[in-house]
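Asks: Enclosed is the structure file entry-v1.cif (mmCIF, C-alpha atoms and all ligand atoms).
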data_upload
loop_
_atom_site.label_atom_id
_atom_site.label_comp_id
_atom_site.auth_asym_id
_atom_site.auth_seq_id
_atom_site.Cartn_x
_atom_site.Cartn_y
_atom_site.Cartn_z
CA MET A 1 -25.29 2.90 2.11
CA LYS A 2 -26.16 2.61 5.80
CA ALA A 3 -23.21 1.65 7.95
CA LEU A 4 -22.88 0.57 11.56
CA VAL A 5 -19.54 1.46 13.15
CA THR A 6 -18.93 -0.39 16.40
CA GLY A 7 -16.46 1.46 18.59
CA GLY A 8 -17.12 4.56 16.51
CA ALA A 9 -16.36 7.03 19.29
CA GLY A 10 -12.79 5.82 19.49
CA PHE A 11 -9.79 7.23 17.71
CA ILE A 12 -9.99 5.13 14.54
CA GLY A 13 -13.77 4.66 14.57
CA SER A 14 -14.51 8.37 14.76
CA HIS A 15 -12.28 9.16 11.78
CA LEU A 16 -13.90 6.34 9.85
CA ALA A 17 -17.42 7.54 10.74
CA GLU A 18 -16.49 11.06 9.59
CA ALA A 19 -15.13 9.81 6.26
CA LEU A 20 -18.26 7.72 5.64
CA ILE A 21 -20.54 10.68 6.40
CA LYS A 22 -18.44 12.89 4.11
CA ARG A 23 -18.99 10.57 1.19
CA GLY A 24 -22.74 10.53 1.83
CA ASP A 25 -23.30 7.34 3.81
CA GLU A 26 -25.72 7.08 6.69
CA VAL A 27 -23.80 6.15 9.84
CA VAL A 28 -24.84 4.69 13.16
CA VAL A 29 -22.16 4.52 15.83
CA ILE A 30 -22.39 2.24 18.83
CA ASP A 31 -19.89 2.78 21.59
CA ASP A 32 -19.89 2.12 25.34
CA LEU A 33 -17.56 5.10 25.85
CA SER A 34 -15.17 2.98 27.92
CA THR A 35 -12.20 4.24 25.94
CA GLY A 36 -14.05 6.24 23.28
CA ASN A 37 -15.31 9.77 23.71
CA ARG A 38 -18.34 11.61 22.31
CA ARG A 39 -16.14 14.65 21.69
CA ASN A 40 -14.41 12.64 18.97
CA LEU A 41 -17.67 12.79 17.01
CA SER A 42 -18.34 16.51 17.43
CA GLU A 43 -17.73 17.31 13.76
CA ILE A 44 -20.53 15.00 12.60
CA SER A 45 -22.83 14.80 15.61
CA GLU A 46 -25.31 17.33 14.14
CA ASP A 47 -25.37 15.69 10.70
CA LYS A 48 -28.81 14.34 9.73
CA LYS A 49 -27.25 11.14 8.44
CA PHE A 50 -25.49 10.43 11.72
CA SER A 51 -26.76 8.82 14.90
CA PHE A 52 -25.08 7.69 18.08
CA VAL A 53 -26.08 4.86 20.38
CA GLU A 54 -24.43 4.58 23.76
CA GLY A 55 -24.35 0.89 24.56
CA THR A 56 -22.32 -2.28 24.60
CA ILE A 57 -21.76 -4.70 21.74
CA LEU A 58 -22.30 -7.42 24.37
CA SER A 59 -26.05 -6.66 24.34
CA GLU A 60 -27.60 -9.13 21.90
CA LYS A 61 -30.92 -7.33 21.81
CA LEU A 62 -29.34 -4.01 20.87
CA MET A 63 -26.95 -5.51 18.35
CA GLY A 64 -29.74 -7.50 16.71
CA GLU A 65 -31.71 -4.30 16.13
CA LEU A 66 -28.75 -2.25 14.94
CA ILE A 67 -27.41 -4.88 12.55
CA LYS A 68 -30.86 -5.51 11.10
CA GLY A 69 -31.13 -1.80 10.32
CA CYS A 70 -27.84 -1.39 8.43
CA GLU A 71 -26.18 -2.75 5.29
CA VAL A 72 -22.56 -3.01 6.36
CA ILE A 73 -20.79 -3.29 9.71
CA TYR A 74 -17.38 -1.87 10.45
CA HIS A 75 -16.51 -3.78 13.60
CA LEU A 76 -13.92 -1.74 15.48
CA ALA A 77 -15.15 -2.08 19.06
CA ALA A 78 -12.42 -3.83 21.03
CA ALA A 79 -10.10 -3.46 23.95
CA VAL A 80 -7.35 -1.13 22.77
CA GLY A 81 -3.73 -0.66 23.73
CA VAL A 82 -1.21 -3.02 25.26
CA LYS A 83 -1.34 -1.19 28.60
CA PHE A 84 -5.16 -1.26 28.70
CA VAL A 85 -5.27 -4.97 27.94
CA ILE A 86 -2.76 -5.77 30.68
CA ASP A 87 -4.67 -3.65 33.19
CA ASN A 88 -8.14 -4.96 32.21
CA PRO A 89 -7.65 -8.61 31.22
CA VAL A 90 -11.17 -10.03 31.77
CA ARG A 91 -12.99 -7.19 30.11
CA SER A 92 -10.58 -7.20 27.16
CA ILE A 93 -11.00 -10.89 26.38
CA GLU A 94 -14.75 -10.70 26.87
CA VAL A 95 -15.29 -7.72 24.57
CA ASN A 96 -12.93 -9.01 21.91
CA VAL A 97 -14.29 -12.54 21.78
CA LYS A 98 -17.93 -12.40 22.89
CA GLY A 99 -18.49 -9.04 21.17
CA THR A 100 -17.31 -10.35 17.81
CA GLU A 101 -19.36 -13.54 18.25
CA ILE A 102 -22.48 -11.42 18.65
CA VAL A 103 -21.65 -9.19 15.67
CA LEU A 104 -21.06 -12.18 13.40
CA GLU A 105 -24.11 -14.07 14.60
CA PHE A 106 -26.45 -11.20 13.67
CA ALA A 107 -24.54 -10.26 10.53
CA SER A 108 -25.04 -13.82 9.38
CA LYS A 109 -28.71 -13.83 10.35
CA PHE A 110 -29.39 -10.63 8.37
CA LYS A 111 -26.73 -11.26 5.68
CA ARG A 112 -24.71 -8.09 6.27
CA LYS A 113 -21.15 -7.51 5.15
CA VAL A 114 -18.61 -7.20 8.00
CA PHE A 115 -15.24 -5.50 8.17
CA LEU A 116 -13.23 -6.79 11.15
CA SER A 117 -10.60 -4.49 12.52
CA SER A 118 -7.81 -6.82 13.62
CA THR A 119 -4.29 -6.01 14.70
CA SER A 120 -0.63 -6.68 14.03
CA GLU A 121 -0.51 -8.05 17.60
CA VAL A 122 -1.86 -11.23 16.00
CA TYR A 123 1.61 -11.95 14.54
CA GLY A 124 3.20 -12.07 17.98
CA LYS A 125 6.93 -11.86 18.49
CA THR A 126 8.64 -13.40 15.47
CA GLU A 127 12.19 -12.05 15.40
CA ASP A 128 12.49 -10.75 11.84
CA GLY A 129 9.27 -8.77 12.23
CA PHE A 130 8.44 -8.35 8.52
CA PHE A 131 4.98 -9.79 8.35
CA LYS A 132 2.92 -11.19 5.50
CA GLU A 133 -0.72 -12.10 6.02
CA ASP A 134 0.07 -15.83 5.92
CA SER A 135 3.15 -15.63 8.19
CA ASP A 136 3.24 -17.93 11.21
CA ARG A 137 2.14 -16.52 14.55
CA VAL A 138 4.57 -16.82 17.46
CA VAL A 139 3.09 -15.92 20.81
CA GLY A 140 4.33 -16.27 24.37
CA ALA A 141 2.99 -18.05 27.44
CA THR A 142 -0.56 -17.56 28.68
CA THR A 143 0.86 -16.19 31.94
CA ILE A 144 1.95 -13.06 30.07
CA GLY A 145 -1.09 -10.78 29.77
CA ARG A 146 -0.11 -9.16 26.50
CA TRP A 147 -0.60 -12.37 24.52
CA SER A 148 -4.28 -12.56 25.43
CA TYR A 149 -4.79 -9.59 23.13
CA SER A 150 -3.04 -11.37 20.26
CA CYS A 151 -5.01 -14.56 20.85
CA SER A 152 -8.40 -12.92 21.30
CA LYS A 153 -8.02 -11.02 18.03
CA ALA A 154 -6.73 -14.15 16.28
CA LEU A 155 -9.87 -15.93 17.47
CA ASP A 156 -11.94 -13.08 15.98
CA GLU A 157 -10.20 -13.69 12.67
CA PHE A 158 -10.80 -17.46 12.86
CA LEU A 159 -14.45 -16.81 13.58
CA CYS A 160 -14.81 -14.40 10.65
CA LEU A 161 -13.19 -16.87 8.28
CA ALA A 162 -15.35 -19.67 9.64
CA TYR A 163 -18.52 -17.67 8.99
CA TYR A 164 -17.25 -16.88 5.50
CA ARG A 165 -16.44 -20.49 4.64
CA GLU A 166 -19.35 -22.20 6.33
CA LYS A 167 -22.13 -19.65 5.97
CA GLU A 168 -20.87 -17.52 3.05
CA LEU A 169 -20.92 -14.38 5.18
CA PRO A 170 -19.05 -11.61 3.33
CA VAL A 171 -16.21 -10.61 5.66
CA VAL A 172 -13.07 -8.54 5.16
CA ILE A 173 -10.28 -8.52 7.75
CA GLY A 174 -7.81 -5.67 8.15
CA ARG A 175 -4.76 -6.13 10.37
CA LEU A 176 -3.93 -2.64 11.51
CA PHE A 177 -0.32 -1.85 12.35
CA ASN A 178 0.60 1.10 14.58
CA THR A 179 -1.87 3.79 13.57
CA CYS A 180 -1.71 7.34 14.85
CA GLY A 181 -3.11 10.83 14.42
CA PRO A 182 -5.29 13.42 16.12
CA ARG A 183 -7.63 12.12 18.88
CA GLN A 184 -5.41 9.18 19.77
CA THR A 185 -4.78 9.32 23.47
CA GLY A 186 -1.67 8.25 25.31
CA LYS A 187 -3.81 7.01 28.22
CA TYR A 188 -3.71 3.39 27.07
CA GLY A 189 0.00 3.36 26.37
CA MET A 190 0.34 4.44 22.72
CA VAL A 191 3.77 5.82 22.15
CA ILE A 192 3.30 8.79 19.79
CA PRO A 193 0.69 10.71 21.80
CA ARG A 194 2.67 9.96 24.97
CA PHE A 195 5.95 11.26 23.56
CA VAL A 196 4.35 14.36 22.02
CA LYS A 197 2.56 15.25 25.25
CA GLN A 198 5.69 14.69 27.31
CA ALA A 199 7.79 16.79 24.94
CA LEU A 200 5.29 19.64 24.78
CA SER A 201 5.28 19.91 28.55
CA ASN A 202 9.09 19.54 28.77
CA GLU A 203 8.74 16.38 30.85
CA PRO A 204 11.08 13.42 30.39
CA VAL A 205 10.30 11.33 27.32
CA THR A 206 9.90 7.76 28.55
CA ILE A 207 11.48 5.05 26.43
CA TYR A 208 10.53 1.53 27.52
CA GLY A 209 13.29 -1.04 27.17
CA ASP A 210 16.44 -0.11 25.23
CA GLY A 211 14.67 1.95 22.56
CA LYS A 212 16.13 -0.20 19.79
CA GLN A 213 12.77 -1.84 19.10
CA THR A 214 11.22 -0.68 15.83
CA ARG A 215 7.71 0.19 14.73
CA SER A 216 6.24 1.58 11.53
CA PHE A 217 3.59 4.24 11.94
CA CYS A 218 0.64 4.89 9.66
CA TYR A 219 -1.45 8.05 9.61
CA ILE A 220 -5.15 7.68 10.39
CA GLU A 221 -6.24 9.14 7.04
CA ASP A 222 -4.25 6.47 5.20
CA THR A 223 -5.73 3.76 7.43
CA VAL A 224 -9.32 4.91 6.94
CA ARG A 225 -8.85 5.13 3.16
CA ALA A 226 -7.59 1.55 3.16
CA ILE A 227 -10.55 0.28 5.19
CA ILE A 228 -13.16 1.97 3.00
CA SER A 229 -11.53 0.81 -0.24
CA LEU A 230 -11.27 -2.78 0.98
CA VAL A 231 -14.94 -2.86 1.93
CA GLU A 232 -15.85 -1.60 -1.55
CA GLU A 233 -13.72 -4.24 -3.28
CA PRO A 234 -15.56 -7.54 -3.93
CA LYS A 235 -12.26 -9.42 -4.31
CA ALA A 236 -11.36 -8.54 -0.69
CA ILE A 237 -14.13 -10.75 0.68
CA GLY A 238 -12.87 -13.67 2.75
CA GLU A 239 -9.37 -12.20 2.83
CA ILE A 240 -6.98 -10.69 5.39
CA PHE A 241 -4.95 -7.55 4.66
CA ASN A 242 -2.13 -5.79 6.46
CA ILE A 243 -2.82 -2.07 6.74
CA GLY A 244 0.14 0.10 7.66
CA SER A 245 3.40 1.66 6.60
CA GLU A 246 6.52 -0.27 5.64
CA THR A 247 8.92 2.42 6.89
CA ALA A 248 10.26 1.43 10.30
CA THR A 249 11.86 3.62 12.94
CA THR A 250 13.43 2.81 16.30
CA ILE A 251 11.59 4.11 19.35
CA GLU A 252 14.80 5.95 20.32
CA ASP A 253 14.86 7.80 16.97
CA LEU A 254 11.18 8.54 17.39
CA ALA A 255 11.85 10.12 20.80
CA ARG A 256 14.65 12.30 19.35
CA LYS A 257 12.50 13.35 16.40
CA VAL A 258 9.59 14.34 18.66
CA ILE A 259 11.90 16.40 20.89
CA LYS A 260 13.38 18.13 17.86
CA LEU A 261 10.09 18.86 16.12
CA THR A 262 8.49 20.26 19.27
CA GLY A 263 11.59 22.32 20.18
CA SER A 264 11.37 20.73 23.62
CA ASN A 265 13.88 20.74 26.50
CA SER A 266 12.83 17.23 27.54
CA ASP A 267 15.39 14.62 28.51
CA ILE A 268 15.05 11.03 27.42
CA ILE A 269 14.76 8.44 30.18
CA TYR A 270 14.82 4.65 29.88
CA ILE A 271 12.32 2.62 31.87
CA PRO A 272 12.54 -1.18 32.15
CA TYR A 273 9.58 -3.00 30.60
CA GLU A 274 8.69 -4.69 33.88
CA GLU A 275 8.25 -1.31 35.50
CA ALA A 276 6.25 0.12 32.59
CA TYR A 277 3.94 -2.86 32.08
CA GLU A 278 4.09 -5.99 34.24
CA LYS A 279 6.49 -8.69 35.41
CA GLY A 280 7.69 -10.88 32.55
CA PHE A 281 6.46 -8.44 29.87
CA GLU A 282 7.57 -9.30 26.35
CA ASP A 283 7.75 -6.74 23.57
CA MET A 284 7.98 -7.23 19.83
CA ARG A 285 11.45 -6.18 18.75
CA HIS A 286 10.39 -5.37 15.23
CA ARG A 287 7.09 -5.06 13.53
CA VAL A 288 6.69 -4.03 9.89
CA PRO A 289 3.91 -5.03 7.53
CA ASP A 290 4.45 -6.44 4.08
CA THR A 291 1.79 -4.41 2.27
CA GLY A 292 2.17 -6.14 -1.08
CA LYS A 293 -1.25 -7.79 -0.88
CA ILE A 294 -3.30 -4.64 -0.29
CA HIS A 295 -1.17 -2.76 -2.79
CA SER A 296 -1.78 -5.23 -5.57
CA LEU A 297 -5.52 -5.43 -4.92
CA ILE A 298 -6.43 -1.76 -4.45
CA GLY A 299 -3.19 0.10 -5.26
CA TYR A 300 -2.83 1.16 -1.63
CA LYS A 301 0.23 3.09 -0.45
CA PRO A 302 0.34 5.39 2.57
CA HIS A 303 0.71 9.05 1.74
CA TYR A 304 2.01 10.38 5.09
CA ASN A 305 5.59 9.78 6.28
CA LEU A 306 6.65 9.97 9.93
CA ASP A 307 7.57 13.68 9.85
CA MET A 308 4.19 14.58 8.36
CA ILE A 309 2.42 12.40 10.94
CA LEU A 310 4.29 13.97 13.84
CA GLU A 311 3.57 17.49 12.59
CA LYS A 312 -0.15 16.69 12.52
CA VAL A 313 -0.12 15.15 16.00
CA ILE A 314 1.95 17.98 17.49
CA GLU A 315 -0.39 20.56 15.96
CA TYR A 316 -3.37 18.68 17.41
CA PHE A 317 -1.94 18.59 20.95
CA ARG A 318 -0.89 22.24 20.73
CA LYS A 319 -4.37 23.27 19.61
CA THR A 320 -6.48 21.15 21.95
CA ARG A 321 -4.14 20.83 24.91
CA ALA A 322 -5.71 17.35 25.15
N1 LIG B 1 6.76 2.75 24.29
C1 LIG B 1 7.77 3.53 24.89
N2 LIG B 1 7.38 4.54 25.71
C2 LIG B 1 6.08 4.84 25.98
C3 LIG B 1 5.08 4.06 25.37
C4 LIG B 1 5.45 3.01 24.53
O1 LIG B 1 8.96 3.32 24.67
O2 LIG B 1 5.84 5.79 26.75
C5 LIG B 1 7.18 1.67 23.38
C6 LIG B 1 6.51 0.33 23.61
O3 LIG B 1 7.14 -0.42 24.63
C7 LIG B 1 6.65 -0.31 22.24
C8 LIG B 1 6.52 0.89 21.28
O4 LIG B 1 6.83 2.04 22.07
O5 LIG B 1 7.90 -0.90 22.08
C9 LIG B 1 5.14 1.04 20.69
O6 LIG B 1 4.21 1.00 21.74
P1 LIG B 1 2.64 1.19 21.54
O7 LIG B 1 1.98 0.85 22.84
O8 LIG B 1 2.37 2.52 20.94
O9 LIG B 1 2.26 0.12 20.43
P2 LIG B 1 2.58 -1.46 20.30
O10 LIG B 1 3.40 -1.53 19.07
O11 LIG B 1 3.31 -1.93 21.50
O12 LIG B 1 1.25 -2.05 20.17
#
Just dump the structure as structure tokens.

Replies:
Amino acid sequence: MKALVTGGAGFIGSHLAEALIKRGDEVVVIDDLSTGNRRNLSEISEDKKFSFVEGTILSEKLMGELIKGCEVIYHLAAAVGVKFVIDNPVRSIEVNVKGTEIVLEFASKFKRKVFLSSTSEVYGKTEDGFFKEDSDRVVGATTIGRWSYSCSKALDEFLCLAYYREKELPVVIGRLFNTCGPRQTGKYGMVIPRFVKQALSNEPVTIYGDGKQTRSFCYIEDTVRAIISLVEEPKAIGEIFNIGSETATTIEDLARKVIKLTGSNSDIIYIPYEEAYEKGFEDMRHRVPDTGKIHSLIGYKPHYNLDMILEKVIEYFRKTRA
């Protein structure tokens, strides 16, 4: 199987590319290296079945050629991270919407299967925070930058489903909940790499808001396994799946756990959202996936719990001093 991984130099894309190479696939990665990094691909860069193209998914000419030459597309290229999206609003909307339009247009022309990497941001801010794939979306005003991320990815999903229904394009959509592991950087706001780095250097661990908000974290290996299995499963075509862990933790408990596991002297400090992000920022209080759908189709259950995830991430930061 020859696969194209868009955004393959990023945290999730690089782990996916590695797993595909390991099982014998041929893999082409396209990445503009805006948030990705070639170092992430160092373990497979010399492999004969691997090639890397530095370029943007906004180039129709390039995407036409790459999609023609592969059998399946894992479309992961997107603006990542709440902080990044708030700081780069035009670029984020453009890459998320126009980029996906281009991918789908050529996938349809050459009849290639597409996996769309979507996000739990799509659900928005519903209070109970336990989300099923067909739950309503509740998003805030267009003046609040964060919601552009939710809406741009929702539009990607609409577009995928439209291509599936109207043009019979085989698409599979995965809504990724908070995913973490080695190579994820804290630069774009993600909480686990930020806390681990802060704790390892005995700097204050920065909780945004009151720390009572909850998230459920999924280890990259579990996420990649889910993506690959869904793409292999014919019954997944035309469907949306939550991918994540159902075990939630408060951000405050996460901070304490990280301090404990690193043996750090760090204090915990609380920073108001408006200071951390932007005026009027709205967070999701709770966000947990209902993973019943993916479990019943492919028997998926995450293997790593939070302690195991943190051990892996701490080991990575200790080793690489990234
Ligand atoms: N967060 C925090 N301190 C940080 C970075 C993030 O308290 O240094 C919080 C953030 O406000 C959110 C949660 O941790 O409530 C998860 O943030 P992240 O950006 O990792 O993912 P999100 O779930 O917001 O997409």

Asks: Please report, as CSV, each residue of chain A lying at most 10 Å from ligand LIG 1 (chain B), together with the nearest pair of atoms and the separation in Å rounded to one decimal; use all atoms listed in the file, and order rows by chain and ascending residue number.

Replies:
residue,atom,partner,partner_atom,distance
A:Val80,CA,B:LIG1,O12,9.0
A:Gly81,CA,B:LIG1,O7,6.0
A:Val82,CA,B:LIG1,O7,5.6
A:Lys83,CA,B:LIG1,O7,7.0
A:Phe84,CA,B:LIG1,O7,9.5
A:Thr119,CA,B:LIG1,O12,8.7
A:Ser120,CA,B:LIG1,O12,7.9
A:Glu121,CA,B:LIG1,O12,6.8
A:Arg146,CA,B:LIG1,O11,9.4
A:Phe177,CA,B:LIG1,O10,7.7
A:Asn178,CA,B:LIG1,O10,5.9
A:Thr179,CA,B:LIG1,O8,8.6
A:Cys180,CA,B:LIG1,O8,8.8
A:Gly186,CA,B:LIG1,C3,7.9
A:Lys187,CA,B:LIG1,C3,9.8
A:Tyr188,CA,B:LIG1,O7,7.5
A:Gly189,CA,B:LIG1,O7,4.8
A:Met190,CA,B:LIG1,O8,3.3
A:Val191,CA,B:LIG1,O8,3.8
A:Ile192,CA,B:LIG1,O8,6.4
A:Pro193,CA,B:LIG1,O8,8.4
A:Arg194,CA,B:LIG1,O2,5.5
A:Phe195,CA,B:LIG1,O2,6.3
A:Val196,CA,B:LIG1,O2,9.9
A:Gln198,CA,B:LIG1,O2,8.9
A:Pro204,CA,B:LIG1,O2,9.9
A:Val205,CA,B:LIG1,O2,7.1
A:Thr206,CA,B:LIG1,O2,4.9
A:Ile207,CA,B:LIG1,O1,3.5
A:Tyr208,CA,B:LIG1,O1,3.7
A:Gly209,CA,B:LIG1,O1,6.6
A:Asp210,CA,B:LIG1,O1,8.2
A:Gly211,CA,B:LIG1,O1,6.2
A:Lys212,CA,B:LIG1,O5,8.6
A:Gln213,CA,B:LIG1,O5,5.8
A:Thr214,CA,B:LIG1,O5,7.1
A:Arg215,CA,B:LIG1,O10,6.4
A:Ser216,CA,B:LIG1,O10,8.6
A:Phe217,CA,B:LIG1,O10,9.2
A:Thr250,CA,B:LIG1,C8,8.7
A:Ile251,CA,B:LIG1,O4,5.9
A:Glu252,CA,B:LIG1,O1,7.7
A:Leu254,CA,B:LIG1,O4,9.1
A:Ala255,CA,B:LIG1,O1,8.3
A:Ile269,CA,B:LIG1,N2,9.5
A:Tyr270,CA,B:LIG1,O1,8.0
A:Ile271,CA,B:LIG1,O1,8.0
A:Pro272,CA,B:LIG1,O3,9.3
A:Tyr273,CA,B:LIG1,O3,6.9
A:Ala276,CA,B:LIG1,O3,8.0
A:Tyr277,CA,B:LIG1,O3,8.5
A:Phe281,CA,B:LIG1,O3,9.6
A:Glu282,CA,B:LIG1,O3,9.1
A:Asp283,CA,B:LIG1,O5,6.0
A:Met284,CA,B:LIG1,O5,6.7
A:Arg285,CA,B:LIG1,O5,7.2
A:His286,CA,B:LIG1,O5,8.6
A:Arg287,CA,B:LIG1,O10,7.5

Asks: Starting from 5 Å padding per side, set up an axis-aligned box that covers all listed atoms of segment 280-297 of chain A and hand over centre and edge lengths in Å, one decimal, as JSON.

Replies:
{"center_x": 3.0, "center_y": -6.8, "center_z": 13.5, "size_x": 27.0, "size_y": 18.1, "size_z": 48.1}

Asks: So, counting only C-alpha atoms, which residue among A:Glu315, A:Asp253, A:Glu101, A:Glu54 is closest to Lys197 of chain A?

Replies: A:Glu315

Asks: Nearest to Leu4 of chain A: which of A:Leu20, A:Leu310, A:Ile44, A:Ile73 is it, counting all atoms listed in the file?

Replies: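 Answer, going by the shortest atom-to-atom distance: A:Ile73.
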
Asks: Between A:Ala3, A:Ala162, A:Leu176, A:Leu261, which is the closest to Cys70 of chain A once you count all atoms listed in the file?

Replies: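 Distance minimum relative to Cys70 of chain A lands on A:Ala3.
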
Asks: Taking (-2.4, 11.9, 12.2) in the file's coordinates as the center, which residues reach within 8 Å of it, counting only C-alpha atoms, put as a VMD selection string?

Replies: chain A and resid 180 to 182 219 to 221 309 to 310 312 to 313

Asks: One decimal, Å: what's the distance from atom CA of Gly99 of chain A over to atom CA of Glu46 of chain A, could you say?

Replies: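 According to the coordinates, atom CA of Gly99 of chain A and atom CA of Glu46 of chain A are separated by 28.1 Å.
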
Asks: Determine the nearest neighbour of Gly280 of chain A from the options A:Thr142, A:Thr100, A:Ser118, A:Gln184, counting only C-alpha atoms.

Replies: A:Thr142

Asks: If you measure from atom CA of His295 of chain A to atom CA of Phe131 of chain A, what distance in Å do you get, rounded to one decimal?

Replies: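 Between atom CA of His295 of chain A and atom CA of Phe131 of chain A the gap works out to 14.5 Å.
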
Asks: Go through A:Glu43, A:Glu275, A:Glu133, A:Glu157 and flag the residue nearest Ile243 of chain A, using only C-alpha atoms for the distances.

Replies: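 Looking only at the distances to Ile243 of chain A, the closest residue turns out to be A:Glu133.
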
Asks: Hey, which of A:Leu16, A:Ile259, A:Leu159, A:Ala248 ends up closest to Asp222 of chain A? Count all atoms listed in the file.

Replies: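 Closest candidate: A:Leu16.
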
Asks: Just the number, please: distance in Å from atom CA of Ala226 of chain A to atom CA of Glu239 of chain A, one decimal.

Replies: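 Taking atom CA of Ala226 of chain A and atom CA of Glu239 of chain A, their separation equals 13.9 Å.
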
Asks: Within 7 Å of Val27 of chain A, counting all atoms listed in the file, which residues qualify if same-chain residues fewer than 3 places away don't, as an MDAnalysis selection string?

Replies: chainID A and resid 2:4 17 21 49:51

Asks: Need to verify the contact set: segment 6-12 of chain A, 10 Å, all atoms listed in the file, exclusion of same-chain residues closer than 5 positions in sequence. Can you return it as a ChimeraX atom specification?

Replies: /A:17-18,27-42,52-57,63,73-80,99,103,117,179-185,220-221,223-224
